[in-house]
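Beneath this line is the structure, given in structure tokens, with notes to follow.
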Amino acid sequence: MRTCARAGWTGALGVETVPVAAARGRVTAEPVRARWSVPAYRAAAMDGIAVTTTRISTGDASGAAEGTIRLSPENFDRLDTGDLVPSERDAVVMREQVTFTPSGFAELSGPVIAGRHIRPVGEDIAAGAVVLPAGHRVRPADAAALAAAGHVSVLVRRRPKVAILPTGDEVRPLGASLAPGEILDTNSIMLGGLAEDAGCITETLPVAPDVPERIAAAIAEAAPTADVVLVIAGSSAGRDDHTSSVIGRLGRVAVHGVAMRPGHPVVLGVVGGAEDNRPATVAVPVVGIPGYPASAERAFTCFVQPLLRRILEAGAADDHAVAARLAAPIVSAEHLEEYLRVRLARVVAPRTGQVTLVAVALPRGAGALNTLVQTEAVLRIPAGEAGYPAGTTVRPVPVDGAAFAAGTTIVTGLRSPATDALIDLLGADRPVAAVHWQPTGETAAVEALADGLCHAAAVRIDLAGERPDERAAATLVERLGPITLLELAHVAGQAEVLVIPAAAFDSGAIADLRTVPRSMDYRRALRELPGYTGRGAGHETWHGPAADLEKVNSDSALADGATRCATR
């Protein structure tokens with residue numbers, strides 16, 4: 001901001017008047033006051049009759065029966081909700097409390113109180129009151145309120161224009177046929193959409209090759225008609241990275257490289273202006289956006305979006321962070337501020353049945369475009385933090401419009417050929433990140449389940465005949481409370497099972513898990529695994545204190561030890 005100001009940049013935009021019906025997403029240029037009150041008259045708040053309470057209290061109404069008031073037709077007016085209440089009436093009696101006689105009288109049950117069910121003038125909006133402040137982005141409800149308050153048009157700030165310049169010898173426009181080593185210009189699509197969501201209009205320029213003169217010419221041509229210029233790629237330190245030097249030639253570089261991940265190579269600068277004895281031209285901010293998709297999105301969110309809000313004189317964005325617990329430990333470089341992308345899961349705690357959000361970290365690769373699609377929230381890890389242990393409560397910021405709604409399934413524990421087959425089938429029709437299997441030892445898996453950090457734990461239990469050993473199940477019950485053992489397969493005298501808290505048995509994630517082991521596709525997959533048998537696959541056994549069993553299955557039989565089991 002200081003560098004831009006020294007170059008003569010003010011960020012000021014013009015204003016324009018638009019119809020209220022077309023104002024959604026626009027930013028108000030001044031406070032908007034109500035031209036009249038809403039409601040503009042005394043209005044009935046209920047269907048019923050309008051009455052004059054003084055007439056009732058002075059005896060102009062005759063009682064038809066004890067506890068009932070009878071009014072003659074001249075002493076009331078029938079009204080519907082929203083109707084004008086006559087000036088001589090001071091209460092509305094709702095229709096449910098009124099009975100009309102064949103002779104036209106109204107019999108009232110219940111008390112009649114002055115002012116009841118009448119909306120006074122200006123109850124919603126008073127004439128002259130501020131309906132919307134300056135710098136407010138108009139929402140659908142805001143537009144309706146403006147119309148109700150007497151406005152057919154509203155003064156808003158002009159939309160900033162963002163020029164987007166993709167660069168790179170290997171970059172081709174959308175729809176082009178690609179040769180080996182060439183890539184499509186997808187970043188322009190993403191950045192253009194982000195800018196439009198921020199209230200801008202955009203222009204995507206033709207791809208410029210990695211030639212400094214060509215990049216400089218494209219920026220110089222775009223800047224006079226733009227409010228911000230974004231240059232994609234070329235911001236790092238490679239042989240063909242020219243963005244920083246070109247911006248320096250046309251103006252001044254304020255920042256090249258920031259201590260954050262992803263998005264480290266971003267360039268912040270300004271072109272034009274009257275600095276350094278150059279001819280006076282319009283100063284325009286320029287941002288060099290890293291070429292990797294995750295870095296590009298983060299550079300826009302952290303630097304371009306605040307710049308656009310400054311230009312529009314809109315208020316600061318509210319992060320709306322949510323509390324979530326980490327499913328697994330995360331490590332971060334202390335010298336950087338990191339933005340970690342996560343998915344969210346709703347997990348039921350075994351003992352309490354309380355549902356909490358659990359966050360699962362996504363892969364960190366800055367070039368993974370699909371990671372952006374999978375992301376449900378972004379966790380900021382400040383510089384100086386080396387990471388957090390599993391179970392830590394953090395506050396990630398949800399991503400607006402994320403394609404998935406906290407539907408991740410989290411399982412910890414054993415990874416084996418049988419569980420791999422389960423994962424493959426469970427994730428066949430789901431996004432890659434929607435199934436998170438955290439390999440751990442069995443003790444750690446049970447502890448994670450007890451702590452409410454996963455939906456199920458995968459363990460091996462010795463067999464007692466054809467069923468998992470009851471003594472091992474009893475040990476799990478002592479730690480977790482009532483559980484269901486979902487058998488996956490038998491191998492070498494043991495059963496591979498999923499341990500599921502009884503409190504979570506009917507949750508969506510568990511319902512998905514329960515379906516797979518009973519499927520023919522899963523049984524066919526087991527037949528291909530040496531040493532494995534599908535005997536028991538899909539079998540479910542409830543284990544828990546005898547006192548709890550009636551809640552699950554009243555027809556179950558008593559098993560050995562301190563537990564009962566019910567089989568399905």
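Scheme for the structure tokens: letters A, B, ... for chains in order shown; per-chain residue numbers from 1; ligand numbers from 1 in order shown.
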What are the nearest atom pairs, with distances in Å to one decimal, for all residues of region 68-147 of chain A that come at most 7 Å from region 19-39 of chain A, using only C-alpha atoms, set out by chain and rising residue number as CSV?
```
residue,atom,partner,partner_atom,distance
A:Val121,CA,A:Pro39,CA,5.3
A:Gly122,CA,A:Ser37,CA,4.6
A:Glu123,CA,A:Pro39,CA,6.6
A:Asp124,CA,A:Val38,CA,5.4
A:Ile125,CA,A:Val38,CA,4.9
A:Ala126,CA,A:Ser37,CA,4.5
A:Ala127,CA,A:Trp36,CA,4.3
A:Gly128,CA,A:Ala34,CA,4.9
A:Ala129,CA,A:Arg33,CA,5.2
A:Val130,CA,A:Arg33,CA,4.2
A:Val131,CA,A:Arg33,CA,5.4
A:Leu132,CA,A:Val32,CA,5.3
A:Pro133,CA,A:Pro31,CA,4.3
A:Ala134,CA,A:Glu30,CA,4.2
A:Gly135,CA,A:Thr28,CA,5.1
A:His136,CA,A:Val27,CA,5.2
A:Arg137,CA,A:Val27,CA,4.4
A:Val138,CA,A:Arg24,CA,5.0
A:Arg139,CA,A:Arg24,CA,5.3
A:Pro140,CA,A:Arg24,CA,6.0
A:Ala143,CA,A:Val20,CA,5.8
A:Ala147,CA,A:Val20,CA,6.8
```
Next, the residues of the selection above should be written as a compact mmCIF listing (two decimals), in the first residue's frame with all heavy atoms.
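The file below, result09.txt, is the result:
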```txt
# COMPACT_ATOMS: atom_id res chain seq x y z
N VAL A 121 -46.65 1.69 12.74
CA VAL A 121 -45.91 2.33 11.64
C VAL A 121 -44.42 2.31 11.98
O VAL A 121 -44.01 2.68 13.08
CB VAL A 121 -46.40 3.78 11.42
CG1 VAL A 121 -45.52 4.49 10.40
CG2 VAL A 121 -47.86 3.78 10.99
N GLY A 122 -43.60 1.84 11.03
CA GLY A 122 -42.16 1.84 11.22
C GLY A 122 -41.65 0.74 12.12
O GLY A 122 -40.48 0.79 12.54
N GLU A 123 -42.44 -0.25 12.45
CA GLU A 123 -41.98 -1.33 13.32
C GLU A 123 -40.77 -2.03 12.72
O GLU A 123 -39.82 -2.39 13.43
CB GLU A 123 -43.10 -2.35 13.52
CG GLU A 123 -42.69 -3.56 14.37
CD GLU A 123 -43.73 -4.66 14.34
OE1 GLU A 123 -44.01 -5.19 13.24
OE2 GLU A 123 -44.24 -4.99 15.42
N ASP A 124 -40.74 -2.24 11.40
CA ASP A 124 -39.63 -2.91 10.73
C ASP A 124 -38.52 -1.91 10.39
O ASP A 124 -37.37 -2.06 10.79
CB ASP A 124 -40.14 -3.61 9.47
CG ASP A 124 -39.09 -4.51 8.85
OD1 ASP A 124 -38.02 -4.69 9.45
OD2 ASP A 124 -39.34 -5.03 7.75
N ILE A 125 -38.88 -0.86 9.67
CA ILE A 125 -37.92 0.17 9.26
C ILE A 125 -38.58 1.53 9.43
O ILE A 125 -39.67 1.78 8.90
CB ILE A 125 -37.50 -0.01 7.78
CG1 ILE A 125 -36.93 -1.41 7.54
CG2 ILE A 125 -36.48 1.05 7.37
CD1 ILE A 125 -36.69 -1.72 6.06
N ALA A 126 -37.90 2.42 10.14
CA ALA A 126 -38.44 3.77 10.33
C ALA A 126 -37.97 4.68 9.21
O ALA A 126 -36.84 4.57 8.72
CB ALA A 126 -37.98 4.33 11.67
N ALA A 127 -38.83 5.58 8.76
CA ALA A 127 -38.46 6.54 7.71
C ALA A 127 -37.22 7.31 8.14
O ALA A 127 -37.11 7.79 9.27
CB ALA A 127 -39.61 7.49 7.45
N GLY A 128 -36.24 7.39 7.23
CA GLY A 128 -35.01 8.12 7.52
C GLY A 128 -33.92 7.27 8.17
O GLY A 128 -32.76 7.71 8.26
N ALA A 129 -34.24 6.06 8.63
CA ALA A 129 -33.24 5.20 9.25
C ALA A 129 -32.31 4.62 8.19
O ALA A 129 -32.68 4.44 7.02
CB ALA A 129 -33.91 4.08 10.03
N VAL A 130 -31.08 4.32 8.59
CA VAL A 130 -30.11 3.72 7.67
C VAL A 130 -30.48 2.25 7.46
O VAL A 130 -30.47 1.45 8.40
CB VAL A 130 -28.67 3.84 8.21
CG1 VAL A 130 -27.70 3.09 7.31
CG2 VAL A 130 -28.27 5.30 8.32
N VAL A 131 -30.79 1.92 6.21
CA VAL A 131 -31.10 0.53 5.87
C VAL A 131 -29.81 -0.25 5.63
O VAL A 131 -29.64 -1.37 6.12
CB VAL A 131 -32.00 0.46 4.62
CG1 VAL A 131 -32.37 -0.98 4.30
CG2 VAL A 131 -33.26 1.31 4.83
N LEU A 132 -28.87 0.34 4.87
CA LEU A 132 -27.58 -0.28 4.61
C LEU A 132 -26.48 0.76 4.79
O LEU A 132 -26.63 1.90 4.37
CB LEU A 132 -27.51 -0.84 3.18
CG LEU A 132 -28.46 -1.98 2.82
CD1 LEU A 132 -28.26 -2.38 1.37
CD2 LEU A 132 -28.23 -3.18 3.73
N PRO A 133 -25.35 0.38 5.40
CA PRO A 133 -24.24 1.32 5.53
C PRO A 133 -23.45 1.42 4.23
O PRO A 133 -23.61 0.59 3.32
CB PRO A 133 -23.39 0.69 6.63
CG PRO A 133 -23.62 -0.78 6.46
CD PRO A 133 -25.06 -0.92 6.03
N ALA A 134 -22.58 2.39 4.14
CA ALA A 134 -21.66 2.47 3.00
C ALA A 134 -20.67 1.31 3.09
O ALA A 134 -20.33 0.83 4.17
CB ALA A 134 -20.92 3.81 3.02
N GLY A 135 -20.21 0.84 1.92
CA GLY A 135 -19.24 -0.24 1.89
C GLY A 135 -19.81 -1.61 2.15
O GLY A 135 -19.08 -2.55 2.46
N HIS A 136 -21.11 -1.77 2.00
CA HIS A 136 -21.77 -3.05 2.27
C HIS A 136 -22.08 -3.76 0.95
O HIS A 136 -22.63 -3.17 0.02
CB HIS A 136 -23.07 -2.82 3.03
CG HIS A 136 -23.84 -4.07 3.31
ND1 HIS A 136 -23.51 -4.95 4.32
CD2 HIS A 136 -24.95 -4.59 2.71
CE1 HIS A 136 -24.36 -5.95 4.33
NE2 HIS A 136 -25.24 -5.75 3.36
N ARG A 137 -21.73 -5.06 0.87
CA ARG A 137 -22.04 -5.84 -0.32
C ARG A 137 -23.50 -6.29 -0.24
O ARG A 137 -23.91 -6.95 0.71
CB ARG A 137 -21.11 -7.04 -0.43
CG ARG A 137 -21.22 -7.76 -1.78
CD ARG A 137 -20.23 -8.91 -1.87
NE ARG A 137 -18.87 -8.44 -1.70
CZ ARG A 137 -18.15 -7.87 -2.65
NH1 ARG A 137 -18.68 -7.68 -3.85
NH2 ARG A 137 -16.90 -7.51 -2.42
N VAL A 138 -24.27 -5.92 -1.24
CA VAL A 138 -25.71 -6.12 -1.21
C VAL A 138 -26.05 -7.60 -1.40
O VAL A 138 -25.62 -8.23 -2.37
CB VAL A 138 -26.40 -5.27 -2.29
CG1 VAL A 138 -27.92 -5.52 -2.27
CG2 VAL A 138 -26.10 -3.79 -2.07
N ARG A 139 -26.83 -8.15 -0.47
CA ARG A 139 -27.33 -9.52 -0.55
C ARG A 139 -28.79 -9.51 -1.01
O ARG A 139 -29.42 -8.45 -1.05
CB ARG A 139 -27.22 -10.18 0.82
CG ARG A 139 -25.81 -10.19 1.42
CD ARG A 139 -25.84 -10.52 2.90
NE ARG A 139 -26.63 -9.54 3.64
CZ ARG A 139 -26.93 -9.65 4.93
NH1 ARG A 139 -26.50 -10.71 5.61
NH2 ARG A 139 -27.65 -8.73 5.53
N PRO A 140 -29.35 -10.66 -1.37
CA PRO A 140 -30.76 -10.67 -1.80
C PRO A 140 -31.72 -10.06 -0.78
O PRO A 140 -32.61 -9.29 -1.15
CB PRO A 140 -31.03 -12.17 -2.02
CG PRO A 140 -29.70 -12.73 -2.42
CD PRO A 140 -28.69 -11.97 -1.61
N ALA A 143 -31.46 -6.26 -0.86
CA ALA A 143 -32.15 -5.65 -2.00
C ALA A 143 -33.66 -5.58 -1.73
O ALA A 143 -34.31 -4.57 -2.05
CB ALA A 143 -31.87 -6.45 -3.27
N ALA A 147 -35.97 -2.13 -1.50
CA ALA A 147 -37.21 -1.93 -2.26
C ALA A 147 -38.37 -1.61 -1.32
O ALA A 147 -39.18 -0.70 -1.59
CB ALA A 147 -37.52 -3.18 -3.09
```
Quiz item: Could you pull the residues within 7 Å of Val231 (chain A), counting only C-alpha atoms, minus those fewer than 4 positions along the same chain, as a ChimeraX atom specification?
Solution: /A:164-166,287-289
Exercise. From a DSSP calculation on the backbone, collect every residue of region 308-494 of chain A in strand (DSSP E or B) and output the set as a PyMOL selection string.
Key: chain A and resi 324-326+330-331+337-348+355-361+377-381+387-388+393-394+397-398+407+409-413+435-439+456-464+467-468+483-491+494
Can I get the residues of region 466-555 of chain A within 6 Å of region 345-358 of chain A, each with the closest pair of atoms and their distance in Å to one decimal, using only C-alpha atoms, sorted chain first then ascending number, as CSV?
```
residue,atom,partner,partner_atom,distance
A:Pro501,CA,A:Pro350,CA,5.1
A:Ala503,CA,A:Gly353,CA,5.4
A:Ala504,CA,A:Val348,CA,5.5
```
Quiz item: What's the 10 Å shell around region 268-272 of chain A, counting only C-alpha atoms, without same-chain residues fewer than 2 positions away, as a PyMOL selection string?
Solution: chain A and resi 1+3-9+219-220+223-224+228-230+235+244+246-258+265-266+274-275+278-289+303-304
Quiz prompt | Residue contacts of Ala418 (chain A) (9 Å, only C-alpha atoms) excluding same-chain residues fewer than 4 positions away, as a PyMOL selection string | solution = chain A and resi 422-423+488-489+496+522+525-526+529+532
Exercise. Just list the residues in region 132-377 of chain A DSSP gives helix (DSSP H, G or I) on the backbone, as an MDAnalysis selection string.
Key: chainID A and resid 140:148 187:197 212:225 243:250 275:277 293:312 369:374
Which residues are near Glu447 (chain A)? Cut-off 10 Å, only C-alpha atoms, ignore same chain within fewer than 5 positions. Put them as a compact mmCIF listing (two decimals) with N, CA, C and O atoms, in the first residue's frame.
```txt
# COMPACT_ATOMS: atom_id res chain seq x y z
N THR A 412 -8.73 -45.54 11.69
CA THR A 412 -7.33 -45.70 12.10
C THR A 412 -7.05 -47.17 12.35
O THR A 412 -7.96 -47.97 12.60
N GLU A 442 -2.45 -51.12 16.87
CA GLU A 442 -3.80 -51.36 17.35
C GLU A 442 -4.10 -50.57 18.62
O GLU A 442 -5.20 -50.05 18.79
N GLY A 452 -12.44 -39.96 20.25
CA GLY A 452 -13.36 -39.33 19.30
C GLY A 452 -12.68 -38.72 18.10
O GLY A 452 -13.18 -37.73 17.53
N LEU A 453 -11.55 -39.30 17.64
CA LEU A 453 -10.81 -38.75 16.51
C LEU A 453 -10.99 -39.56 15.23
O LEU A 453 -10.40 -39.23 14.21
N CYS A 454 -11.79 -40.61 15.27
CA CYS A 454 -12.05 -41.41 14.06
C CYS A 454 -13.40 -42.08 14.20
O CYS A 454 -13.99 -42.13 15.29
N ALA A 457 -11.98 -48.21 14.32
CA ALA A 457 -10.60 -48.67 14.45
C ALA A 457 -10.50 -50.07 13.85
O ALA A 457 -11.35 -50.93 14.13
N ARG A 479 -12.67 -50.20 27.55
CA ARG A 479 -12.06 -48.92 27.15
C ARG A 479 -13.04 -48.01 26.45
O ARG A 479 -12.97 -46.78 26.58
N LEU A 480 -13.97 -48.58 25.66
CA LEU A 480 -14.79 -47.78 24.76
C LEU A 480 -16.26 -47.71 25.15
O LEU A 480 -16.99 -46.85 24.65
```
Self-check item: Ala537 (chain A) surroundings by only C-alpha atoms, 12 Å radius, close-in-sequence under 4 positions cut, as a PyMOL selection string
Solution: chain A and resi 418-419+422+466-468+485-491+495-498+514-527+532-533+541+568
Practice problem: Figure out the distance between CA of Val411 (chain A) and CA of His455 (chain A), please, to one decimal in Å. | Solution: 5.8 Å
Practice problem: Please identify all polymer residues within 7 Å of region 73-80 of chain A, counting only C-alpha atoms, omitting same-chain residues fewer than 4 positions from it, and present them as a ChimeraX atom specification. | Solution: /A:44,46-51,104-105
Restricted to all heavy atoms, what would the selected residues look like written as an mmCIF file, in the first residue's frame?
```
data_model
loop_
_atom_site.group_PDB
_atom_site.id
_atom_site.type_symbol
_atom_site.label_atom_id
_atom_site.label_comp_id
_atom_site.auth_asym_id
_atom_site.auth_seq_id
_atom_site.Cartn_x
_atom_site.Cartn_y
_atom_site.Cartn_z
ATOM 1 N N ALA A 44 -52.429 -5.252 10.378
ATOM 2 C CA ALA A 44 -52.813 -6.433 11.148
ATOM 3 C C ALA A 44 -51.691 -7.465 11.087
ATOM 4 O O ALA A 44 -51.170 -7.774 10.018
ATOM 5 C CB ALA A 44 -54.098 -7.026 10.595
ATOM 6 N N MET A 46 -52.181 -10.562 12.299
ATOM 7 C CA MET A 46 -52.859 -11.858 12.292
ATOM 8 C C MET A 46 -54.146 -11.750 11.490
ATOM 9 O O MET A 46 -54.720 -10.664 11.355
ATOM 10 C CB MET A 46 -53.216 -12.302 13.729
ATOM 11 C CG MET A 46 -52.041 -12.658 14.601
ATOM 12 S SD MET A 46 -51.417 -14.303 14.180
ATOM 13 C CE MET A 46 -50.106 -14.461 15.401
ATOM 14 N N ASP A 47 -54.616 -12.872 10.980
ATOM 15 C CA ASP A 47 -55.975 -12.933 10.458
ATOM 16 C C ASP A 47 -56.933 -12.876 11.648
ATOM 17 O O ASP A 47 -56.688 -13.509 12.686
ATOM 18 C CB ASP A 47 -56.212 -14.242 9.705
ATOM 19 C CG ASP A 47 -55.323 -14.381 8.481
ATOM 20 O OD1 ASP A 47 -54.815 -13.348 8.004
ATOM 21 O OD2 ASP A 47 -55.112 -15.521 8.026
ATOM 22 N N GLY A 48 -58.013 -12.120 11.533
ATOM 23 C CA GLY A 48 -58.971 -12.058 12.631
ATOM 24 C C GLY A 48 -59.888 -10.859 12.506
ATOM 25 O O GLY A 48 -60.328 -10.498 11.405
ATOM 26 N N ILE A 49 -60.173 -10.228 13.643
ATOM 27 C CA ILE A 49 -61.039 -9.047 13.649
ATOM 28 C C ILE A 49 -60.349 -7.936 14.426
ATOM 29 O O ILE A 49 -59.625 -8.177 15.393
ATOM 30 C CB ILE A 49 -62.415 -9.341 14.264
ATOM 31 C CG1 ILE A 49 -62.292 -9.763 15.733
ATOM 32 C CG2 ILE A 49 -63.159 -10.405 13.458
ATOM 33 C CD1 ILE A 49 -63.626 -9.873 16.458
ATOM 34 N N ALA A 50 -60.581 -6.684 13.973
ATOM 35 C CA ALA A 50 -60.084 -5.505 14.681
ATOM 36 C C ALA A 50 -61.186 -5.003 15.590
ATOM 37 O O ALA A 50 -62.361 -4.899 15.184
ATOM 38 C CB ALA A 50 -59.669 -4.432 13.695
ATOM 39 N N VAL A 51 -60.811 -4.672 16.835
ATOM 40 C CA VAL A 51 -61.809 -4.238 17.810
ATOM 41 C C VAL A 51 -61.320 -2.988 18.524
ATOM 42 O O VAL A 51 -60.163 -2.599 18.415
ATOM 43 C CB VAL A 51 -62.085 -5.344 18.845
ATOM 44 C CG1 VAL A 51 -62.598 -6.604 18.175
ATOM 45 C CG2 VAL A 51 -60.819 -5.644 19.670
ATOM 46 N N GLY A 104 -74.474 -12.747 12.765
ATOM 47 C CA GLY A 104 -73.425 -11.805 12.442
ATOM 48 C C GLY A 104 -72.624 -11.312 13.620
ATOM 49 O O GLY A 104 -71.732 -10.467 13.457
ATOM 50 N N PHE A 105 -72.940 -11.782 14.825
ATOM 51 C CA PHE A 105 -72.162 -11.377 15.993
ATOM 52 C C PHE A 105 -70.836 -12.158 16.025
ATOM 53 O O PHE A 105 -70.712 -13.232 15.433
ATOM 54 C CB PHE A 105 -72.952 -11.652 17.276
ATOM 55 C CG PHE A 105 -74.027 -10.635 17.540
ATOM 56 C CD1 PHE A 105 -75.232 -10.659 16.817
ATOM 57 C CD2 PHE A 105 -73.848 -9.638 18.486
ATOM 58 C CE1 PHE A 105 -76.229 -9.718 17.048
ATOM 59 C CE2 PHE A 105 -74.841 -8.699 18.716
ATOM 60 C CZ PHE A 105 -76.034 -8.734 17.999
#
```
Self-check item: Of the listed residues A:Gly234, A:Leu194, A:Glu334, A:Ile183, that which approaches Arg298 (chain A) most closely, counting only C-alpha atoms
Solution: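 Smallest separation from Arg298 (chain A) among the options: A:Leu194.
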Quiz item: Pick the closest to Gln97 (chain A) from A:Ala472, A:Ile381, A:Leu449, A:Val112: which is it, counting only C-alpha atoms?
Solution: A:Val112
Quiz item: What is the distance, in Å and to one decimal place, between CA of Ala433 (chain A) and CA of Arg343 (chain A)?
Solution: 7.8 Å
